[in-house]
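**Student:** Pasting upload.cif below, which is mmCIF, C-alpha atoms.
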```cif
data_model
#
loop_
_atom_site.label_atom_id
_atom_site.label_comp_id
_atom_site.auth_asym_id
_atom_site.auth_seq_id
_atom_site.Cartn_x
_atom_site.Cartn_y
_atom_site.Cartn_z
CA MET A 1434 139.72 -111.07 0.65
CA GLN A 1435 136.42 -112.42 1.82
CA PHE A 1436 135.61 -109.07 3.53
CA ARG A 1437 136.12 -107.14 0.28
CA THR A 1438 133.84 -109.50 -1.67
CA THR A 1439 131.06 -109.11 0.90
CA GLY A 1440 131.36 -105.33 0.70
CA LEU A 1441 130.91 -105.41 -3.05
CA LEU A 1442 127.81 -107.58 -2.72
CA LEU A 1443 126.30 -105.18 -0.18
CA LEU A 1444 126.96 -102.21 -2.45
CA GLY A 1445 125.25 -104.05 -5.30
CA ALA A 1446 122.22 -104.85 -3.14
CA MET A 1447 121.95 -101.20 -2.07
CA ALA A 1448 122.10 -100.06 -5.69
CA LEU A 1449 119.10 -102.16 -6.75
CA PRO A 1450 116.36 -100.17 -4.93
CA ALA A 1451 117.87 -96.91 -6.12
CA SER A 1452 117.78 -98.16 -9.71
CA GLY A 1453 114.15 -99.22 -9.29
CA ILE A 1454 113.16 -95.79 -7.96
CA ALA A 1455 114.94 -94.03 -10.82
CA GLN A 1456 112.91 -96.01 -13.36
CA THR A 1457 109.54 -95.03 -11.81
CA THR A 1458 107.79 -92.34 -13.87
CA ALA A 1459 104.76 -90.30 -12.89
CA ALA A 1460 101.55 -90.92 -14.78
CA PRO A 1461 100.84 -88.22 -17.36
CA PRO A 1462 98.11 -85.71 -16.41
CA THR A 1463 94.68 -86.48 -17.78
CA ILE A 1464 91.80 -84.35 -19.01
CA ALA A 1465 88.62 -84.65 -16.92
CA ARG A 1466 85.20 -84.30 -18.53
CA THR A 1467 81.82 -84.16 -16.75
CA VAL A 1468 78.49 -84.01 -18.59
CA ILE A 1469 76.39 -81.39 -16.78
CA ALA A 1470 73.16 -81.94 -18.78
CA ALA A 1471 72.27 -83.63 -22.05
CA THR A 1472 69.38 -84.48 -24.35
CA LYS A 1473 68.68 -85.77 -27.85
CA LEU A 1474 67.12 -83.67 -30.60
CA PRO A 1475 65.29 -85.51 -33.43
CA THR A 1476 66.47 -82.91 -35.95
CA VAL A 1477 68.41 -79.64 -36.14
CA THR A 1478 67.85 -78.92 -39.83
CA ASP A 1479 64.18 -77.86 -39.95
CA VAL A 1480 65.26 -74.22 -39.77
CA PRO A 1481 68.68 -72.51 -39.52
CA VAL A 1482 69.92 -72.38 -35.92
CA HIS A 1483 72.35 -70.26 -33.93
CA PHE A 1484 74.20 -70.54 -30.64
CA LYS A 1485 73.37 -67.89 -28.06
CA ALA A 1486 74.59 -67.42 -24.48
CA VAL A 1487 73.31 -65.10 -21.76
CA SER A 1488 74.20 -64.35 -18.16
CA VAL A 1489 71.26 -64.04 -15.74
CA THR A 1490 71.13 -62.63 -12.18
CA LEU A 1491 68.21 -62.91 -9.77
CA GLN A 1492 68.24 -61.29 -6.35
CA PRO A 1493 67.31 -63.48 -3.34
CA ASP A 1494 63.72 -64.79 -3.57
CA GLU A 1495 63.13 -63.07 -6.93
CA ARG A 1496 61.13 -65.03 -9.50
CA SER A 1497 61.43 -65.05 -13.28
CA SER A 1498 60.36 -67.30 -16.12
CA VAL A 1499 61.76 -68.44 -19.44
CA SER A 1500 60.04 -69.88 -22.51
CA ALA A 1501 62.55 -69.94 -25.31
CA ALA A 1502 64.51 -72.33 -27.51
CA ASN A 1503 66.21 -75.55 -26.40
CA GLY A 1504 68.87 -74.65 -23.89
CA ILE A 1505 70.91 -75.66 -20.88
CA LEU A 1506 71.20 -73.60 -17.69
CA TYR A 1507 74.48 -73.65 -15.72
CA GLN A 1508 74.51 -72.29 -12.17
CA MET A 1509 77.54 -70.08 -11.46
CA SER A 1510 76.78 -68.96 -7.89
CA GLY A 1511 73.90 -69.15 -5.45
CA SER A 1512 71.10 -71.55 -6.34
CA THR A 1513 67.90 -71.50 -8.37
CA GLU A 1514 64.72 -73.51 -8.06
CA VAL A 1515 63.49 -74.48 -11.52
CA ALA A 1516 59.80 -75.44 -11.74
CA LEU A 1517 58.90 -77.18 -14.99
CA GLY A 1518 56.05 -79.48 -15.92
CA GLY A 1519 54.73 -79.78 -12.38
CA GLU A 1520 58.13 -80.67 -10.93
CA ALA A 1521 60.71 -78.49 -9.18
CA LYS A 1522 64.46 -78.95 -8.91
CA MET A 1523 67.03 -76.92 -6.98
CA VAL A 1524 70.08 -76.22 -9.14
CA ASN A 1525 73.20 -75.44 -7.11
CA ALA A 1526 76.52 -73.92 -8.16
CA GLY A 1527 78.30 -76.15 -10.67
CA GLU A 1528 75.08 -77.94 -11.67
CA GLY A 1529 72.89 -77.52 -14.72
CA LEU A 1530 69.57 -78.42 -16.30
CA PHE A 1531 68.17 -78.84 -19.82
CA ILE A 1532 65.04 -76.76 -20.55
CA ALA A 1533 63.22 -77.80 -23.71
CA GLY A 1534 62.15 -75.22 -26.27
CA GLY A 1535 58.56 -74.04 -25.94
CA LYS A 1536 58.30 -75.16 -22.31
CA THR A 1537 57.82 -72.49 -19.65
CA ALA A 1538 60.11 -72.79 -16.65
CA VAL A 1539 59.66 -70.69 -13.49
CA LEU A 1540 62.98 -69.72 -11.91
CA THR A 1541 63.20 -68.68 -8.25
CA ALA A 1542 66.40 -67.56 -6.56
CA SER A 1543 67.03 -69.04 -3.14
CA SER A 1544 67.08 -66.87 -0.03
CA GLY A 1545 70.25 -65.35 1.33
CA ALA A 1546 72.30 -64.70 -1.80
CA PRO A 1547 71.81 -63.65 -5.42
CA SER A 1548 71.53 -66.37 -8.05
CA THR A 1549 73.76 -66.04 -11.11
CA PHE A 1550 73.66 -68.52 -13.97
CA LEU A 1551 74.50 -68.92 -17.63
CA HIS A 1552 71.91 -70.02 -20.17
CA PHE A 1553 73.11 -71.54 -23.44
CA PHE A 1554 70.57 -71.75 -26.28
CA LEU A 1555 70.28 -73.45 -29.65
CA VAL A 1556 68.06 -70.83 -31.26
CA PRO A 1557 66.11 -70.88 -34.55
CA ALA A 1558 67.19 -67.90 -36.64
CA GLY A 1559 63.73 -66.34 -36.47
CA GLU A 1560 63.83 -66.28 -32.64
CA LEU A 1561 67.38 -65.03 -32.18
CA GLY A 1562 66.24 -61.62 -30.91
CA ARG A 1563 63.59 -63.01 -28.58
CA PRO A 1564 64.16 -62.12 -24.90
CA ALA A 1565 65.35 -64.86 -22.58
CA GLU A 1566 64.43 -64.68 -18.88
CA THR A 1567 61.73 -62.17 -17.91
CA ALA A 1568 61.99 -59.25 -15.46
CA PRO A 1569 63.02 -58.78 -12.73
CA ALA A 1570 65.92 -60.97 -13.89
CA VAL A 1571 68.91 -58.97 -15.11
CA VAL A 1572 69.89 -60.54 -18.44
CA ARG A 1573 73.11 -59.80 -20.29
CA GLU A 1574 73.74 -61.31 -23.71
CA LEU A 1575 77.26 -62.71 -23.91
CA TYR A 1576 77.41 -64.15 -27.40
CA ARG A 1577 75.47 -65.12 -30.49
CA THR A 1578 76.76 -66.65 -33.71
CA ALA A 1579 76.80 -64.10 -36.51
CA SER A 1580 75.41 -66.63 -38.99
CA PRO A 1581 73.57 -69.95 -38.67
CA ILE A 1582 75.61 -72.99 -37.66
CA PRO A 1583 76.83 -74.53 -40.96
CA ASP A 1584 77.04 -78.10 -42.26
CA LEU A 1585 74.42 -79.67 -39.99
CA LYS A 1586 73.14 -82.97 -41.36
CA SER A 1587 69.74 -84.66 -41.31
CA GLY A 1588 69.06 -87.02 -38.41
CA SER A 1589 69.11 -86.78 -34.63
CA TYR A 1590 71.72 -84.88 -32.63
CA ASP A 1591 73.05 -85.00 -29.10
CA LEU A 1592 72.92 -81.66 -27.27
CA ASN A 1593 74.97 -81.40 -24.09
CA LEU A 1594 76.88 -79.12 -21.76
CA THR A 1595 80.18 -80.58 -20.59
CA ARG A 1596 82.65 -79.23 -18.04
CA ILE A 1597 86.27 -79.92 -19.02
CA THR A 1598 89.38 -79.60 -16.88
CA PHE A 1599 92.92 -79.44 -18.28
CA PRO A 1600 95.54 -79.95 -15.54
CA ALA A 1601 98.30 -77.37 -15.08
CA GLN A 1602 101.25 -77.61 -17.48
CA MET A 1603 99.25 -79.72 -19.94
CA PRO A 1604 100.81 -79.60 -23.44
CA SER A 1605 98.51 -78.84 -26.36
CA ASN A 1606 96.68 -81.92 -27.58
CA PRO A 1607 97.12 -83.08 -31.20
CA PRO A 1608 95.13 -81.18 -33.86
CA HIS A 1609 91.57 -82.51 -34.06
CA HIS A 1610 88.39 -81.45 -35.82
CA ARG A 1611 84.97 -80.51 -34.53
CA SER A 1612 82.37 -83.17 -35.41
CA GLY A 1613 79.34 -80.93 -34.85
CA ALA A 1614 79.60 -77.46 -33.34
CA ALA A 1615 80.49 -76.10 -29.92
CA LEU A 1616 80.52 -72.91 -27.89
CA TYR A 1617 83.13 -72.77 -25.12
CA PHE A 1618 83.06 -70.59 -21.98
CA ILE A 1619 86.21 -70.36 -19.84
CA LEU A 1620 85.38 -70.63 -16.13
CA SER A 1621 88.88 -70.37 -14.67
CA GLY A 1622 92.52 -70.60 -15.66
CA THR A 1623 94.09 -69.51 -18.94
CA GLY A 1624 94.53 -71.89 -21.86
CA ASP A 1625 96.21 -71.88 -25.26
CA ASN A 1626 93.75 -72.23 -28.15
CA THR A 1627 95.35 -72.97 -31.53
CA VAL A 1628 93.47 -72.55 -34.82
CA ASP A 1629 95.15 -72.41 -38.25
CA SER A 1630 98.57 -72.52 -36.55
CA LYS A 1631 97.76 -69.34 -34.60
CA THR A 1632 97.74 -69.65 -30.79
CA GLU A 1633 95.82 -67.30 -28.52
CA ALA A 1634 95.60 -67.19 -24.73
CA ARG A 1635 92.01 -67.56 -23.50
CA GLY A 1636 91.13 -66.51 -19.96
CA PRO A 1637 88.06 -66.48 -17.69
CA GLY A 1638 84.89 -65.22 -19.39
CA SER A 1639 86.18 -65.92 -22.92
CA LEU A 1640 83.70 -67.43 -25.39
CA ILE A 1641 85.02 -69.46 -28.32
CA TYR A 1642 82.86 -70.76 -31.17
CA GLU A 1643 83.90 -73.89 -33.06
CA PRO A 1644 81.84 -74.77 -36.16
CA TYR A 1645 81.83 -78.12 -37.93
CA GLY A 1646 85.19 -79.27 -39.27
CA LEU A 1647 87.29 -76.65 -37.45
CA VAL A 1648 90.78 -78.03 -36.77
CA HIS A 1649 91.93 -76.86 -33.36
CA GLN A 1650 94.07 -77.60 -30.31
CA TRP A 1651 93.88 -76.83 -26.60
CA GLY A 1652 96.61 -76.77 -23.99
CA ASN A 1653 97.26 -75.35 -20.53
CA PRO A 1654 100.76 -73.90 -20.01
CA GLY A 1655 99.70 -72.24 -16.74
CA SER A 1656 100.24 -73.25 -13.13
CA GLU A 1657 96.51 -73.66 -12.38
CA PRO A 1658 93.89 -75.97 -13.92
CA LEU A 1659 92.05 -74.70 -16.99
CA ILE A 1660 88.30 -75.26 -16.54
CA PHE A 1661 85.77 -74.50 -19.26
CA LEU A 1662 82.26 -75.38 -20.42
CA ALA A 1663 81.52 -76.80 -23.87
CA PHE A 1664 77.97 -76.43 -25.23
CA ASN A 1665 77.96 -79.12 -27.94
CA ILE A 1666 75.79 -80.46 -30.70
CA ASN A 1667 76.97 -83.63 -32.40
CA PRO A 1668 75.30 -86.23 -34.64
CA GLU A 1669 73.85 -88.92 -32.40
CA GLY A 1670 76.46 -91.55 -31.64
CA VAL A 1671 79.37 -89.36 -32.76
CA ALA A 1672 81.34 -88.02 -29.80
CA ALA A 1673 82.66 -84.48 -29.71
CA VAL A 1674 86.27 -84.85 -30.81
CA LEU A 1675 88.12 -83.74 -27.70
CA PRO A 1676 90.80 -85.98 -26.14
CA GLY A 1677 90.38 -86.85 -22.49
CA ALA A 1678 88.83 -89.23 -20.04
CA PRO A 1679 85.44 -90.68 -20.96
CA ALA A 1680 82.69 -88.25 -20.07
CA LYS A 1681 80.65 -89.12 -16.99
CA ALA A 1682 77.13 -87.99 -16.20
CA GLN A 1683 76.75 -85.67 -13.23
#
```
The structure in this file should be written as structure tokens.
**Tutor:**
Amino acid sequence: MQFRTTGLLLLGAMALPASGIAQTTAAPPTIARTVIAATKLPTVTDVPVHFKAVSVTLQPDERSSVSAANGILYQMSGSTEVALGGEAKMVNAGEGLFIAGGKTAVLTASSGAPSTFLHFFLVPAGELGRPAETAPAVVRELYRTASPIPDLKSGSYDLNLTRITFPAQMPSNPPHHRSGAALYFILSGTGDNTVDSKTEARGPGSLIYEPYGLVHQWGNPGSEPLIFLAFNINPEGVAAVLPGAPAKAQ
């Protein structure tokens, strides 16, 4: 009788660890956000403004210049030395740099490989057709807003370029609205973008414009991470409404 009681106790002790393991749940995947470059603008309402994005390629050791509107450069491949205001900085793949409007920056591709980068601009309407980088750079316009960005308010704005990563199999986040305006560029992966209850798949190279107040959702049903850039303007102190981990400066 004593043997049978001991056996029951041992079975109970063995069941406890199994029960504990069964109750352990994996942490839900999180959205990662990295601020590539950022600045503050004292006003964005002096004149109507547009978003514009171009792709630029420089062959090894080629030199170009740019003197345009406020914008942020994002290096896709290779590297570029940016000389501005007596200082020079090497921008490598995955890095970026803010170039203020009216300032002339000299861009030199490094040796050994072509330099390819994106340049996102916040352009006054009167300068929308102005060329970006000078020859010999090969410049291809990717996008421009058809009309000025609406519903901008008086006061200062934050301008930034943020890289966002949605893990694989990430469900769509709850509907949320745009607090300023944004232009997205998909770097890799394919995501679900929902606007007005209509969902579209967005793959690499896609550009998506979100004006003020747009209610939207993003998700990643795929098996690979969804990585995209967001070129944002938001009233100072008001974060871009996109769920995820707190943004960190690069």
**Student:** Quick one: residues within 12 Å of Gly1545 (chain A), all atoms listed in the file, excluding same-chain residues fewer than 2 positions away - as a tab-separated table (two decimals) with C-alpha atoms, keeping the file's coordinate frame?
**Tutor:**
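In the end it all went to around_28.tsv:
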```
chain	number	residue	atom	x	y	z
A	1491	LEU	CA	68.21	-62.91	-9.77
A	1492	GLN	CA	68.24	-61.29	-6.35
A	1493	PRO	CA	67.31	-63.48	-3.34
A	1494	ASP	CA	63.72	-64.79	-3.57
A	1495	GLU	CA	63.13	-63.07	-6.93
A	1510	SER	CA	76.78	-68.96	-7.89
A	1511	GLY	CA	73.90	-69.15	-5.45
A	1512	SER	CA	71.10	-71.55	-6.34
A	1513	THR	CA	67.90	-71.50	-8.37
A	1542	ALA	CA	66.40	-67.56	-6.56
A	1543	SER	CA	67.03	-69.04	-3.14
A	1547	PRO	CA	71.81	-63.65	-5.42
A	1548	SER	CA	71.53	-66.37	-8.05
```
**Student:** Check what the PyMOL selection byres ((chain A and resi 1573) around 6) selects in the file above and give those residues as a ChimeraX atom specification.
**Tutor:** /A:1487-1488,1572,1574
**Student:** If we count all atoms listed in the file and set the cut-off at 8 Å, which residues sit around Thr1478 (chain A), ignoring sequence neighbours fewer than 3 positions away in its own chain? Please answer as a list in words.
**Tutor:** Pro1481, Val1482, Leu1585, Lys1586 and Ser1587 of chain A
**Student:** Can you work out the spacing between CA of Gly1652 (chain A) and CA of Leu1592 (chain A) in Å, to one decimal?
**Tutor:**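 So the answer is 24.4 Å.
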**Student:** Suppose you want the space between CA of Lys1536 (chain A) and CA of Asn1503 (chain A); what is it in Å?
**Tutor:**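 Rounded to one decimal, the two atoms are 8.9 Å apart.
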**Student:** Please enumerate the residues selected by the PyMOL selection byres ((chain A and resi 1641) around 6) when evaluated against the supplied file, formatted as a PDB file with C-alpha atoms, keeping the file's coordinate frame.
**Tutor:**
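Listed below is the output, part.pdb:
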```
ATOM      1  CA  LEU A1616      80.520 -72.910 -27.890  1.00  0.00           C
ATOM      2  CA  TYR A1617      83.130 -72.770 -25.120  1.00  0.00           C
ATOM      3  CA  LEU A1640      83.700 -67.430 -25.390  1.00  0.00           C
ATOM      4  CA  TYR A1642      82.860 -70.760 -31.170  1.00  0.00           C
TER       5      TYR A1642
END
```
**Student:** Please list as an MDAnalysis selection string every residue within 9 Å of Ser1605 (chain A), counting all atoms listed in the file and excluding residues in the same chain fewer than 2 positions away.
**Tutor:** chainID A and resid 1603 1607:1608 1625:1627 1650:1654
